[in-house]
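Trainee: Sending over start-v6.cif (mmCIF, C-alpha atoms).
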data_model
loop_
_atom_site.group_PDB
_atom_site.id
_atom_site.type_symbol
_atom_site.label_atom_id
_atom_site.label_comp_id
_atom_site.auth_asym_id
_atom_site.auth_seq_id
_atom_site.Cartn_x
_atom_site.Cartn_y
_atom_site.Cartn_z
ATOM 1 C CA MET W 846 2.825 -22.135 46.517
ATOM 2 C CA GLU W 847 2.609 -23.863 43.152
ATOM 3 C CA HIS W 848 5.458 -23.539 40.591
ATOM 4 C CA SER W 849 4.723 -23.461 36.889
ATOM 5 C CA ARG W 850 7.174 -22.944 34.056
ATOM 6 C CA LYS W 851 6.981 -19.130 33.870
ATOM 7 C CA TYR W 852 4.942 -18.061 36.870
ATOM 8 C CA ILE W 853 4.718 -18.695 40.597
ATOM 9 C CA GLN W 854 1.178 -19.008 41.886
ATOM 10 C CA HIS W 855 0.624 -17.063 45.147
ATOM 11 C CA ASP W 856 -2.827 -17.614 46.639
ATOM 12 C CA GLY W 857 -4.531 -17.647 43.239
ATOM 13 C CA ALA W 858 -2.650 -14.631 41.778
ATOM 14 C CA ALA W 859 0.088 -15.153 39.195
ATOM 15 C CA ALA W 860 3.368 -13.280 39.660
ATOM 16 C CA ALA W 861 6.318 -13.168 37.305
ATOM 17 C CA HIS W 862 9.036 -15.673 38.186
ATOM 18 C CA THR W 863 11.993 -13.555 39.267
ATOM 19 C CA VAL W 864 14.114 -16.235 40.906
ATOM 20 C CA LYS W 865 15.608 -17.533 37.662
ATOM 21 C CA ARG W 866 16.940 -14.399 35.937
ATOM 22 C CA ASP W 867 19.603 -15.990 33.757
ATOM 23 C CA GLY W 868 17.165 -17.461 31.163
ATOM 24 C CA GLY W 869 16.724 -14.353 29.000
ATOM 25 C CA TYR W 870 20.157 -12.930 29.668
ATOM 26 C CA SER W 871 21.980 -16.124 28.736
ATOM 27 C CA TRP W 872 20.475 -16.044 25.242
ATOM 28 C CA LEU W 873 21.500 -12.413 24.831
ATOM 29 C CA ARG W 874 24.955 -13.146 26.244
ATOM 30 C CA ARG W 875 25.406 -16.069 23.812
ATOM 31 C CA LYS W 876 24.372 -13.906 20.855
ATOM 32 C CA PHE W 877 26.629 -11.027 21.918
ATOM 33 C CA THR W 878 29.571 -13.367 22.548
ATOM 34 C CA GLY W 879 28.974 -15.021 19.183
ATOM 35 C CA ALA W 880 28.944 -11.656 17.426
ATOM 36 C CA ILE W 881 32.175 -10.591 19.128
ATOM 37 C CA SER W 882 33.795 -13.926 18.272
ATOM 38 C CA TYR W 883 32.713 -13.633 14.635
ATOM 39 C CA THR W 884 34.025 -10.063 14.471
ATOM 40 C CA ARG W 885 37.411 -11.142 15.798
ATOM 41 C CA LYS W 886 37.671 -14.072 13.384
ATOM 42 C CA HIS W 887 36.333 -12.195 10.327
ATOM 43 C CA PRO W 888 37.006 -8.466 10.752
ATOM 44 C CA GLN W 889 36.846 -7.708 7.016
ATOM 45 C CA GLU W 890 33.434 -9.325 6.643
ATOM 46 C CA PHE W 891 32.184 -7.426 9.689
ATOM 47 C CA VAL W 892 33.354 -4.065 8.299
ATOM 48 C CA LEU W 893 31.827 -4.922 4.919
ATOM 49 C CA GLN W 894 28.492 -5.716 6.576
ATOM 50 C CA VAL W 895 28.582 -2.443 8.533
ATOM 51 C CA LEU W 896 29.309 -0.455 5.348
ATOM 52 C CA THR W 897 26.584 -2.314 3.471
ATOM 53 C CA PHE W 898 24.018 -1.671 6.202
ATOM 54 C CA ALA W 899 24.989 2.007 6.490
ATOM 55 C CA LEU W 900 24.644 2.600 2.747
ATOM 56 C CA LEU W 901 21.388 0.638 2.646
ATOM 57 C CA CYS W 902 19.966 2.883 5.380
ATOM 58 C CA LEU W 903 21.298 6.026 3.714
ATOM 59 C CA TRP W 904 19.715 5.334 0.319
ATOM 60 C CA ILE W 905 16.408 4.093 1.704
ATOM 61 C CA TYR W 906 16.167 7.210 3.898
ATOM 62 C CA VAL W 907 17.147 9.641 1.136
ATOM 63 C CA GLY W 908 14.931 8.032 -1.502
ATOM 64 C CA SER W 909 11.896 7.608 0.735
ATOM 65 C CA LYS W 910 12.208 11.199 1.986
ATOM 66 C CA LYS W 911 11.959 12.385 -1.610
ATOM 67 C CA VAL W 912 8.954 10.132 -2.232
ATOM 68 C CA PHE W 913 7.080 11.221 0.903
ATOM 69 C CA THR W 914 7.756 14.923 0.246
ATOM 70 C CA TYR W 915 7.492 14.627 -3.517
ATOM 71 C CA ALA W 916 5.716 17.951 -4.163
ATOM 72 C CA GLU W 917 8.372 19.906 -2.251
ATOM 73 C CA PHE W 918 11.178 17.926 -3.874
ATOM 74 C CA ARG W 919 9.788 18.481 -7.378
ATOM 75 C CA ALA W 920 9.390 22.212 -6.744
ATOM 76 C CA SER W 921 12.969 22.449 -5.492
ATOM 77 C CA MET W 922 14.270 20.572 -8.537
ATOM 78 C CA ILE W 923 12.466 23.012 -10.820
ATOM 79 C CA ARG W 924 14.118 25.939 -8.972
ATOM 80 C CA GLN W 925 17.578 24.535 -9.714
ATOM 81 C CA PRO W 926 19.746 26.434 -12.230
ATOM 82 C CA PHE W 927 19.013 24.207 -15.198
ATOM 83 C CA GLU W 928 16.118 23.859 -17.608
ATOM 84 C CA ASP W 929 12.740 23.045 -16.049
ATOM 85 C CA GLN W 930 12.399 19.942 -18.212
ATOM 86 C CA TYR W 931 15.512 18.500 -16.539
ATOM 87 C CA GLY W 932 14.004 19.292 -13.149
ATOM 88 C CA PHE W 933 10.849 17.367 -14.063
ATOM 89 C CA VAL W 934 12.821 14.366 -15.296
ATOM 90 C CA LEU W 935 15.229 14.348 -12.344
ATOM 91 C CA SER W 936 12.395 14.667 -9.837
ATOM 92 C CA ASP W 937 10.905 11.485 -11.280
ATOM 93 C CA ILE W 938 14.112 9.503 -11.767
ATOM 94 C CA LEU W 939 16.221 10.458 -8.749
ATOM 95 C CA PRO W 940 14.023 8.950 -5.970
ATOM 96 C CA ALA W 941 13.649 5.714 -7.934
ATOM 97 C CA VAL W 942 17.402 5.455 -8.525
ATOM 98 C CA GLU W 943 18.164 6.131 -4.854
ATOM 99 C CA LEU W 944 15.650 3.558 -3.624
ATOM 100 C CA ALA W 945 16.873 1.016 -6.175
ATOM 101 C CA THR W 946 20.453 1.608 -5.038
ATOM 102 C CA GLY W 947 19.401 0.936 -1.453
ATOM 103 C CA ILE W 948 17.631 -2.258 -2.488
ATOM 104 C CA LEU W 949 20.806 -3.474 -4.218
ATOM 105 C CA PHE W 950 22.489 -3.616 -0.798
ATOM 106 C CA ILE W 951 19.899 -6.089 0.509
ATOM 107 C CA PHE W 952 21.011 -8.968 -1.698
ATOM 108 C CA GLU W 953 24.485 -10.498 -1.640
ATOM 109 C CA ARG W 954 24.635 -10.863 -5.429
ATOM 110 C CA THR W 955 23.825 -7.204 -6.103
ATOM 111 C CA LYS W 956 25.798 -5.618 -3.256
ATOM 112 C CA ARG W 957 28.837 -4.932 -5.449
ATOM 113 C CA LEU W 958 26.634 -3.179 -8.019
ATOM 114 C CA GLY W 959 25.224 -1.102 -5.157
ATOM 115 C CA PHE W 960 28.715 0.024 -4.196
ATOM 116 C CA TRP W 961 29.530 0.960 -7.802
ATOM 117 C CA LEU W 962 26.258 2.831 -8.292
ATOM 118 C CA THR W 963 26.728 4.675 -4.992
ATOM 119 C CA LEU W 964 30.217 5.701 -6.047
ATOM 120 C CA LEU W 965 28.904 6.970 -9.390
ATOM 121 C CA LEU W 966 26.083 8.914 -7.712
ATOM 122 C CA MET W 967 28.480 10.448 -5.191
ATOM 123 C CA LEU W 968 30.769 11.600 -7.997
ATOM 124 C CA VAL W 969 27.847 13.181 -9.877
ATOM 125 C CA PHE W 970 26.441 14.833 -6.742
ATOM 126 C CA SER W 971 29.915 16.057 -5.771
ATOM 127 C CA ALA W 972 30.450 17.577 -9.229
ATOM 128 C CA TYR W 973 27.145 19.439 -8.847
ATOM 129 C CA VAL W 974 28.113 20.703 -5.376
ATOM 130 C CA ILE W 975 31.534 21.839 -6.663
ATOM 131 C CA LEU W 976 29.847 23.759 -9.491
ATOM 132 C CA ALA W 977 27.489 25.359 -6.965
ATOM 133 C CA LEU W 978 30.356 26.313 -4.660
ATOM 134 C CA GLN W 979 32.297 27.868 -7.552
ATOM 135 C CA ASP W 980 29.321 30.158 -8.180
ATOM 136 C CA THR W 981 28.884 28.766 -11.697
ATOM 137 C CA TRP W 982 25.280 29.949 -11.939
ATOM 138 C CA GLY W 983 25.785 33.374 -10.343
ATOM 139 C CA SER W 984 24.440 32.235 -6.973
ATOM 140 C CA ILE W 985 24.419 29.088 -4.898
ATOM 141 C CA PRO W 986 21.189 27.184 -5.468
ATOM 142 C CA CYS W 987 18.851 26.877 -2.538
ATOM 143 C CA ASP W 988 19.599 24.376 0.221
ATOM 144 C CA CYS W 989 16.139 22.905 -0.118
ATOM 145 C CA ILE W 990 17.277 19.733 -1.878
ATOM 146 C CA LEU W 991 19.983 18.853 0.612
ATOM 147 C CA GLU W 992 18.926 15.833 2.644
ATOM 148 C CA PHE W 993 20.514 16.986 5.866
ATOM 149 C CA PRO W 994 20.587 20.538 7.250
ATOM 150 C CA ILE W 995 24.267 21.168 6.503
ATOM 151 C CA SER W 996 26.240 23.588 4.361
ATOM 152 C CA TRP W 997 27.249 22.847 0.798
ATOM 153 C CA LYS W 998 30.900 22.418 1.846
ATOM 154 C CA ALA W 999 29.919 19.929 4.545
ATOM 155 C CA HIS W 1000 27.776 18.116 1.989
ATOM 156 C CA LEU W 1001 30.816 17.834 -0.256
ATOM 157 C CA TRP W 1002 32.829 16.350 2.633
ATOM 158 C CA ILE W 1003 30.076 13.834 3.350
ATOM 159 C CA ASN W 1004 29.978 12.855 -0.333
ATOM 160 C CA GLY W 1005 33.737 12.303 -0.142
ATOM 161 C CA LEU W 1006 33.397 10.124 2.961
ATOM 162 C CA VAL W 1007 30.641 8.069 1.340
ATOM 163 C CA SER W 1008 32.846 7.667 -1.750
ATOM 164 C CA ILE W 1009 35.726 6.448 0.430
ATOM 165 C CA ALA W 1010 33.333 4.019 2.149
ATOM 166 C CA CYS W 1011 32.282 2.704 -1.277
ATOM 167 C CA ILE W 1012 35.869 2.182 -2.368
ATOM 168 C CA ALA W 1013 36.630 0.436 0.933
ATOM 169 C CA GLY W 1014 33.535 -1.737 0.500
ATOM 170 C CA LEU W 1015 34.530 -2.692 -3.035
ATOM 171 C CA LEU W 1016 38.075 -3.560 -1.950
ATOM 172 C CA LEU W 1017 36.832 -5.607 1.020
ATOM 173 C CA ASP W 1018 34.291 -7.399 -1.161
ATOM 174 C CA TRP W 1019 36.963 -8.192 -3.727
ATOM 175 C CA ASN W 1020 39.369 -9.386 -1.028
ATOM 176 C CA ILE W 1021 36.749 -11.603 0.633
ATOM 177 C CA ARG W 1022 35.558 -13.133 -2.646
ATOM 178 C CA LYS W 1023 39.083 -13.593 -4.042
ATOM 179 C CA PRO W 1024 39.740 -17.007 -2.423
ATOM 180 C CA SER W 1025 36.401 -18.378 -3.619
ATOM 181 C CA ARG W 1026 37.199 -17.488 -7.244
ATOM 182 C CA THR W 1027 40.169 -19.850 -7.308
ATOM 183 C CA THR W 1028 38.240 -22.821 -5.933
ATOM 184 C CA ARG W 1029 35.065 -22.482 -8.000
ATOM 185 C CA ASN W 1030 34.217 -23.073 -11.613
ATOM 186 C CA PRO W 1031 34.035 -19.558 -13.129
ATOM 187 C CA ILE W 1032 31.055 -20.392 -15.342
ATOM 188 C CA LEU W 1033 28.798 -22.475 -13.096
ATOM 189 C CA GLY W 1034 30.064 -21.350 -9.709
ATOM 190 C CA LEU W 1035 30.366 -24.997 -8.622
ATOM 191 C CA PRO W 1036 33.389 -26.327 -6.724
ATOM 192 C CA ARG W 1037 36.063 -27.840 -8.944
ATOM 193 C CA ASN W 1038 36.904 -31.502 -8.490
#
Can you turn what I pasted into C-alpha cells?

Mentor:
Amino acid sequence: MEHSRKYIQHDGAAAAHTVKRDGGYSWLRRKFTGAISYTRKHPQEFVLQVLTFALLCLWIYVGSKKVFTYAEFRASMIRQPFEDQYGFVLSDILPAVELATGILFIFERTKRLGFWLTLLLMLVFSAYVILALQDTWGSIPCDCILEFPISWKAHLWINGLVSIACIAGLLLDWNIRKPSRTTRNPILGLPRN
C-alpha cells in the first residue's frame, strides 16, 4: 500500500484518506474559535456587523425583487391612491434607492449613511402605512407592494424594528469610532504626533 498526501493507493485504485480526519476540522475549529474570541472581546463591533449585514441583505432583496418583477411593481404603484404620475416616478426611483441603500452597507465609509438613509426610508414607509391603516383614502390600498406576505399592521411593526436596529447601529458606530476621533487629525485622518 502506497501513501500519498491525500490518497491511499490500494492495488491501483485511489481511495480517500480517512485516517487523518482532523485536517479539515482543525481549520474550521480555529476559525470558529477565532470568531467566538473576537465576539467576546469586541461585542459592539460584532453586533454592528450583524446589523450591517442584515440591512444589506434586506435592501438588496427588496430592491432586486422590485427590479426582477418590475412590470408587476409598476402596475401596483399606479394602483396606489395617489396620482399616476407619482406612481410612474416612484416605480423608477424606489428600486434604485433601495439597491443603493444596500450598497452603502458594503463599504465601511458609507455604512453610517446607509443607516441614516434606512432610518429615513423606514419613517417614510411607516407614515404611508399609518395613513393606509387610518383609512385615509377610503380603503386600504392593495397588499401587492408589500415585500413580505404580512398584514399592514405587521409591516408597521417590522418598520419599527428596522428603525430601532438603525438607531442601535448608529449609536454603536458612533461609540466604536469615538476613541479614534480623539487620536486622529480631524482633517487628514492621520495619527497625531

Trainee: One decimal, Å: what's the distance from atom CA of Thr981 of chain W over to atom CA of Gly908 of chain W, could you say?

Mentor: 27.0 Å

Trainee: Excluding Leu968 of chain W and its own-chain neighbours fewer than 4 positions away, which residues fall within 8 Å of it when counting only C-alpha atoms? Please give them as a PyMOL selection string.

Mentor: chain W and resi 964+972+1004+1008

Trainee: Can you write just those residues out, C-alpha atoms, as a PDB file, keeping the file's coordinate frame?

Mentor:
ATOM      1  CA  LEU W 964      30.217   5.701  -6.047  1.00  0.00           C
ATOM      2  CA  ALA W 972      30.450  17.577  -9.229  1.00  0.00           C
ATOM      3  CA  ASN W1004      29.978  12.855  -0.333  1.00  0.00           C
ATOM      4  CA  SER W1008      32.846   7.667  -1.750  1.00  0.00           C
TER       5      SER W1008
END

Trainee: As an exercise, work out the distance from atom CA of Tyr915 of chain W to atom CA of Ser936 of chain W in Å and give it to one decimal place.

Mentor: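 Atom-to-atom, atom CA of Tyr915 of chain W and atom CA of Ser936 of chain W are spaced 8.0 Å apart.
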
Trainee: I'd like the box whose edges run along x, y and z of the file and which contains every listed atom of segment 869-882 of chain W, padded by 8 Å per side; could you state its centre and edge lengths in Å, one decimal, as AutoDock Vina command-line options?

Mentor:
--center_x 25.3 --center_y -13.4 --center_z 23.5 --size_x 33.1 --size_y 21.5 --size_z 28.2

Trainee: Here is a test: counting only C-alpha atoms, which residue of W:Thr955, W:Thr946, W:Ser871, W:Gln979 is nearest to Leu900 of chain W?

Mentor: W:Thr946

Trainee: Between atom CA of Tyr906 of chain W and atom CA of Leu1016 of chain W, what is the spacing in Å?

Mentor: 25.1 Å

Trainee: Expanded to explicit residues, what is the PyMOL selection byres ((chain W and resi 940) around 10) for this file, as a PDB file with C-alpha atoms, in the frame of the given file?

Mentor:
ATOM      1  CA  TRP W 904      19.715   5.334   0.319  1.00  0.00           C
ATOM      2  CA  ILE W 905      16.408   4.093   1.704  1.00  0.00           C
ATOM      3  CA  VAL W 907      17.147   9.641   1.136  1.00  0.00           C
ATOM      4  CA  GLY W 908      14.931   8.032  -1.502  1.00  0.00           C
ATOM      5  CA  SER W 909      11.896   7.608   0.735  1.00  0.00           C
ATOM      6  CA  LYS W 910      12.208  11.199   1.986  1.00  0.00           C
ATOM      7  CA  LYS W 911      11.959  12.385  -1.610  1.00  0.00           C
ATOM      8  CA  VAL W 912       8.954  10.132  -2.232  1.00  0.00           C
ATOM      9  CA  TYR W 915       7.492  14.627  -3.517  1.00  0.00           C
ATOM     10  CA  PHE W 918      11.178  17.926  -3.874  1.00  0.00           C
ATOM     11  CA  LEU W 935      15.229  14.348 -12.344  1.00  0.00           C
ATOM     12  CA  SER W 936      12.395  14.667  -9.837  1.00  0.00           C
ATOM     13  CA  ASP W 937      10.905  11.485 -11.280  1.00  0.00           C
ATOM     14  CA  ILE W 938      14.112   9.503 -11.767  1.00  0.00           C
ATOM     15  CA  LEU W 939      16.221  10.458  -8.749  1.00  0.00           C
ATOM     16  CA  ALA W 941      13.649   5.714  -7.934  1.00  0.00           C
ATOM     17  CA  VAL W 942      17.402   5.455  -8.525  1.00  0.00           C
ATOM     18  CA  GLU W 943      18.164   6.131  -4.854  1.00  0.00           C
ATOM     19  CA  LEU W 944      15.650   3.558  -3.624  1.00  0.00           C
ATOM     20  CA  ALA W 945      16.873   1.016  -6.175  1.00  0.00           C
ATOM     21  CA  THR W 946      20.453   1.608  -5.038  1.00  0.00           C
TER      22      THR W 946
END

Trainee: Rank W:Val974, W:Ile1003, W:Leu873, W:Val969 by their smallest atom-to-atom distance to Leu903 of chain W, using all atoms listed in the file, and report the top residue only.

Mentor: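 Comparing W:Val974, W:Ile1003, W:Leu873, W:Val969 against Leu903 of chain W, the winner is W:Ile1003.
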
Trainee: For Ile948 of chain W, which residue among W:Gly983, W:Asp929, W:Leu893, W:Cys902 is the nearest when counting all atoms listed in the file?

Mentor: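 Nearest candidate to Ile948 of chain W out of W:Gly983, W:Asp929, W:Leu893, W:Cys902: W:Cys902.
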
Trainee: Quick one: everything within 12 Å of Phe891 of chain W, counting all atoms listed in the file, minus sequence neighbours fewer than 5 positions away in the same chain. Send it as a short mmCIF file (atom, residue, chain, number, x, y, z; two decimals) with C-alpha atoms, in the coordinates of the input.

Mentor:
data_model
loop_
_atom_site.label_atom_id
_atom_site.label_comp_id
_atom_site.auth_asym_id
_atom_site.auth_seq_id
_atom_site.Cartn_x
_atom_site.Cartn_y
_atom_site.Cartn_z
CA ALA W 880 28.94 -11.66 17.43
CA ILE W 881 32.17 -10.59 19.13
CA SER W 882 33.80 -13.93 18.27
CA TYR W 883 32.71 -13.63 14.64
CA THR W 884 34.02 -10.06 14.47
CA ARG W 885 37.41 -11.14 15.80
CA LYS W 886 37.67 -14.07 13.38
CA LEU W 896 29.31 -0.46 5.35
CA THR W 897 26.58 -2.31 3.47
CA PHE W 898 24.02 -1.67 6.20
CA GLY W 1014 33.53 -1.74 0.50
CA LEU W 1017 36.83 -5.61 1.02
CA ASP W 1018 34.29 -7.40 -1.16
CA ILE W 1021 36.75 -11.60 0.63
#

Trainee: Under the rule that only C-alpha atoms are counted, which of W:Trp872, W:Arg1022, W:Trp982, W:Ser971 is the nearest residue to Leu1001 of chain W?

Mentor: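 Looking at the shortest contact to Leu1001 of chain W, the residue is W:Ser971.
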
Trainee: Using only C-alpha atoms, find the one residue out of W:Arg919, W:Leu978, W:Asn1020, W:Thr963 that sits nearest to Leu1006 of chain W.

Mentor: W:Thr963

Trainee: Check the smallest atom-to-atom distance from each of W:Phe927, W:Gln894, W:Val934, W:Ile1009 to Tyr973 of chain W using only C-alpha atoms, then report the winner.

Mentor: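 Of W:Phe927, W:Gln894, W:Val934, W:Ile1009, the one nearest Tyr973 of chain W is W:Phe927, counting only C-alpha atoms.
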